[in-house]
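S.K.: The structure that follows is given in the form of structure tokens.
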Amino acid sequence: MEVSVYGSVDAAPVYGDPALQGSTLPRVIVVYSDDQTVRAAVNAALGKKLPGEDREHKVVDFATADALRQYLGDKKKVDLFILDGEAVPEGGMGLAHGLKDEIVDCPPIMVIIQRAQDSWLAKWSGADAVTSHPIDPFTLGSKVAELLH
């Protein structure tokens with residue numbers, strides 16, 4: 001399921017707005033990967049609701065870091081970033097590092113890594129959690145639920 005970058009989240013407030021705590025608005029999960037199959041696997045794993053959740057979420061996909069930055073520049077709401085560490089030309093770890101440096105009260109970031117040995121680098125980049133390729137729906141869903149709480 002592809003979600004359009006523009007118009008998919010209507011006039012949403014800026015990231016982590018405290019006024020939205022306890023809100024019933026859908027949570028917004030941003031997924032970044034240059035690989036369409038990775039984006040599709042994450043979307044399929046997340047579904048419309050996380051296990052044990054009543055609140056729905058929206059997934060907004062990005063194939064380029066520039067498009068993601070434009071979305072953020074438009075002050076769109078983000079509750080969680082899921083970034084592909086293997087994306088090219090800009091990897092998810094470098095992007096995570098930049099987001100943590102540039103966004104005050106940055107939402108949680110999960111980085112998808114290829115090798116378990118890369119988890120230290122993902123943590124250095126500012127990632128709050130890691131998961132690995134190939135995407136395991138049960139692992140991804142439970143880690144996302146933890147990060148959103």
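Chain identifiers are assigned as A, B, and so on, following the order in which chains appear in the structure tokens; residues are numbered from 1 within each chain, and ligands are numbered from 1 in order of appearance.
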Just list the residues in segment 30-59 of chain A DSSP gives helix (DSSP H, G or I) on the backbone, as a list in words.
M.R.: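 Those in segment 30-59 of chain A that DSSP calls helix (DSSP H, G or I) are Gln36, Thr37, Val38, Arg39, Ala40, Ala41, Val42, Asn43, Ala44, Ala45 and Leu46 of chain A.
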S.K.: Which residues, written as number ranges by chain, have at least one atom at most 10 Å from Ala116 of chain A, with only C-alpha atoms counted and residues fewer than 4 positions away on the same chain left out?
M.R.: A: 120, 130-133
S.K.: Please produce a file of those selected residues containing N, CA and C atoms, as a PDB file, in the first residue's frame.
M.R.:
ATOM      1  N   TRP A 120      25.309  -1.311  16.918  1.00  0.00           N
ATOM      2  CA  TRP A 120      26.024  -0.259  17.653  1.00  0.00           C
ATOM      3  C   TRP A 120      26.053   1.035  16.863  1.00  0.00           C
ATOM      4  N   VAL A 130      16.252  -0.886  16.904  1.00  0.00           N
ATOM      5  CA  VAL A 130      16.637  -1.461  15.610  1.00  0.00           C
ATOM      6  C   VAL A 130      15.809  -2.713  15.363  1.00  0.00           C
ATOM      7  N   THR A 131      15.649  -3.024  14.101  1.00  0.00           N
ATOM      8  CA  THR A 131      15.102  -4.292  13.668  1.00  0.00           C
ATOM      9  C   THR A 131      15.926  -4.685  12.456  1.00  0.00           C
ATOM     10  N   SER A 132      15.793  -5.914  12.002  1.00  0.00           N
ATOM     11  CA  SER A 132      16.680  -6.340  10.926  1.00  0.00           C
ATOM     12  C   SER A 132      15.911  -6.845   9.714  1.00  0.00           C
ATOM     13  N   HIS A 133      16.630  -6.812   8.592  1.00  0.00           N
ATOM     14  CA  HIS A 133      16.127  -7.411   7.353  1.00  0.00           C
ATOM     15  C   HIS A 133      16.271  -8.919   7.486  1.00  0.00           C
TER      16      HIS A 133
END
S.K.: Which of these residues is nearest to Asp34 of chain A, using only C-alpha atoms: A:Val88, A:Lys49, A:Gln70, A:Lys75?
M.R.: A:Val88
S.K.: Between atom CA of Asp54 of chain A and atom CA of Ile112 of chain A, measure the distance and give it in Å to one decimal.
M.R.: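 These atoms are spaced 25.8 Å apart.
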S.K.: For each of A:Val144, A:Ala96, A:Leu72, A:Cys106, take the minimum atom-to-atom distance to Ala45 of chain A, counting only C-alpha atoms, then give the residue where this is smallest.
M.R.: A:Val144
S.K.: Would you kindly return, as a PyMOL selection string, each protein, DNA or RNA residue with an atom no farther than 6 Å from any atom of segment 27-32 of chain A, considering only C-alpha atoms and excluding same-chain residues fewer than 5 positions away?
M.R.: chain A and resi 57-63+78-83
S.K.: For the selection you just gave me, I'd like the residues written to a file as a compact mmCIF listing (two decimals), in the first residue's frame, keeping N, CA and C atoms.
M.R.:
# COMPACT_ATOMS: atom_id res chain seq x y z
N HIS A 57 -3.25 3.92 12.86
CA HIS A 57 -2.11 4.73 12.47
C HIS A 57 -2.09 4.86 10.95
N LYS A 58 -1.40 5.89 10.51
CA LYS A 58 -1.19 6.10 9.08
C LYS A 58 0.29 5.93 8.81
N VAL A 59 0.61 5.30 7.70
CA VAL A 59 2.00 5.14 7.28
C VAL A 59 2.21 6.05 6.09
N VAL A 60 3.25 6.87 6.17
CA VAL A 60 3.62 7.76 5.08
C VAL A 60 4.98 7.31 4.59
N ASP A 61 5.05 6.88 3.34
CA ASP A 61 6.26 6.32 2.74
C ASP A 61 7.08 7.37 2.01
N PHE A 62 8.40 7.20 2.08
CA PHE A 62 9.31 8.06 1.32
C PHE A 62 10.40 7.21 0.69
N ALA A 63 10.66 7.46 -0.60
CA ALA A 63 11.73 6.76 -1.30
C ALA A 63 13.02 7.56 -1.30
N VAL A 78 4.50 13.77 12.93
CA VAL A 78 5.22 12.49 12.89
C VAL A 78 5.27 11.96 14.32
N ASP A 79 4.89 10.68 14.49
CA ASP A 79 4.98 10.04 15.80
C ASP A 79 6.12 9.05 15.89
N LEU A 80 6.59 8.55 14.74
CA LEU A 80 7.66 7.56 14.70
C LEU A 80 8.28 7.54 13.31
N PHE A 81 9.61 7.42 13.28
CA PHE A 81 10.34 7.22 12.02
C PHE A 81 10.83 5.78 11.97
N ILE A 82 10.67 5.13 10.81
CA ILE A 82 11.29 3.84 10.55
C ILE A 82 12.16 4.05 9.31
N LEU A 83 13.47 3.95 9.49
CA LEU A 83 14.43 4.29 8.45
C LEU A 83 15.26 3.08 8.05
S.K.: What's around Ala122 of chain A at 9 Å? Count only C-alpha atoms, leave out sequence neighbours fewer than 5 positions away in its own chain, and write the answer as a PyMOL selection string.
M.R.: chain A and resi 85+92-94+96-97+110-113+127-130
S.K.: Keeping only C-alpha atoms, take the residues you just selected and write them out as a short mmCIF file (atom, residue, chain, number, x, y, z; two decimals), in the first residue's frame.
M.R.:
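Printed below is result.cif as written:
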data_model
loop_
_atom_site.label_atom_id
_atom_site.label_comp_id
_atom_site.auth_asym_id
_atom_site.auth_seq_id
_atom_site.Cartn_x
_atom_site.Cartn_y
_atom_site.Cartn_z
CA GLY A 85 19.88 1.66 7.16
CA GLY A 92 18.84 5.58 7.33
CA MET A 93 21.57 5.82 9.97
CA GLY A 94 22.93 9.08 8.61
CA ALA A 96 18.61 9.37 11.86
CA HIS A 97 21.67 11.22 13.13
CA MET A 110 13.79 2.81 14.46
CA VAL A 111 16.49 1.80 11.99
CA ILE A 112 16.31 -1.35 9.89
CA ILE A 113 19.76 -2.97 9.74
CA ALA A 127 18.14 5.28 16.82
CA ASP A 128 15.86 4.38 19.71
CA ALA A 129 15.46 0.83 18.39
CA VAL A 130 16.64 -1.46 15.61
#
S.K.: For a quick check of understanding, using only C-alpha atoms, which of A:Gln36, A:Gln114, A:Ser125, A:Thr64 has the smallest distance to Glu86 of chain A?
M.R.: A:Gln114
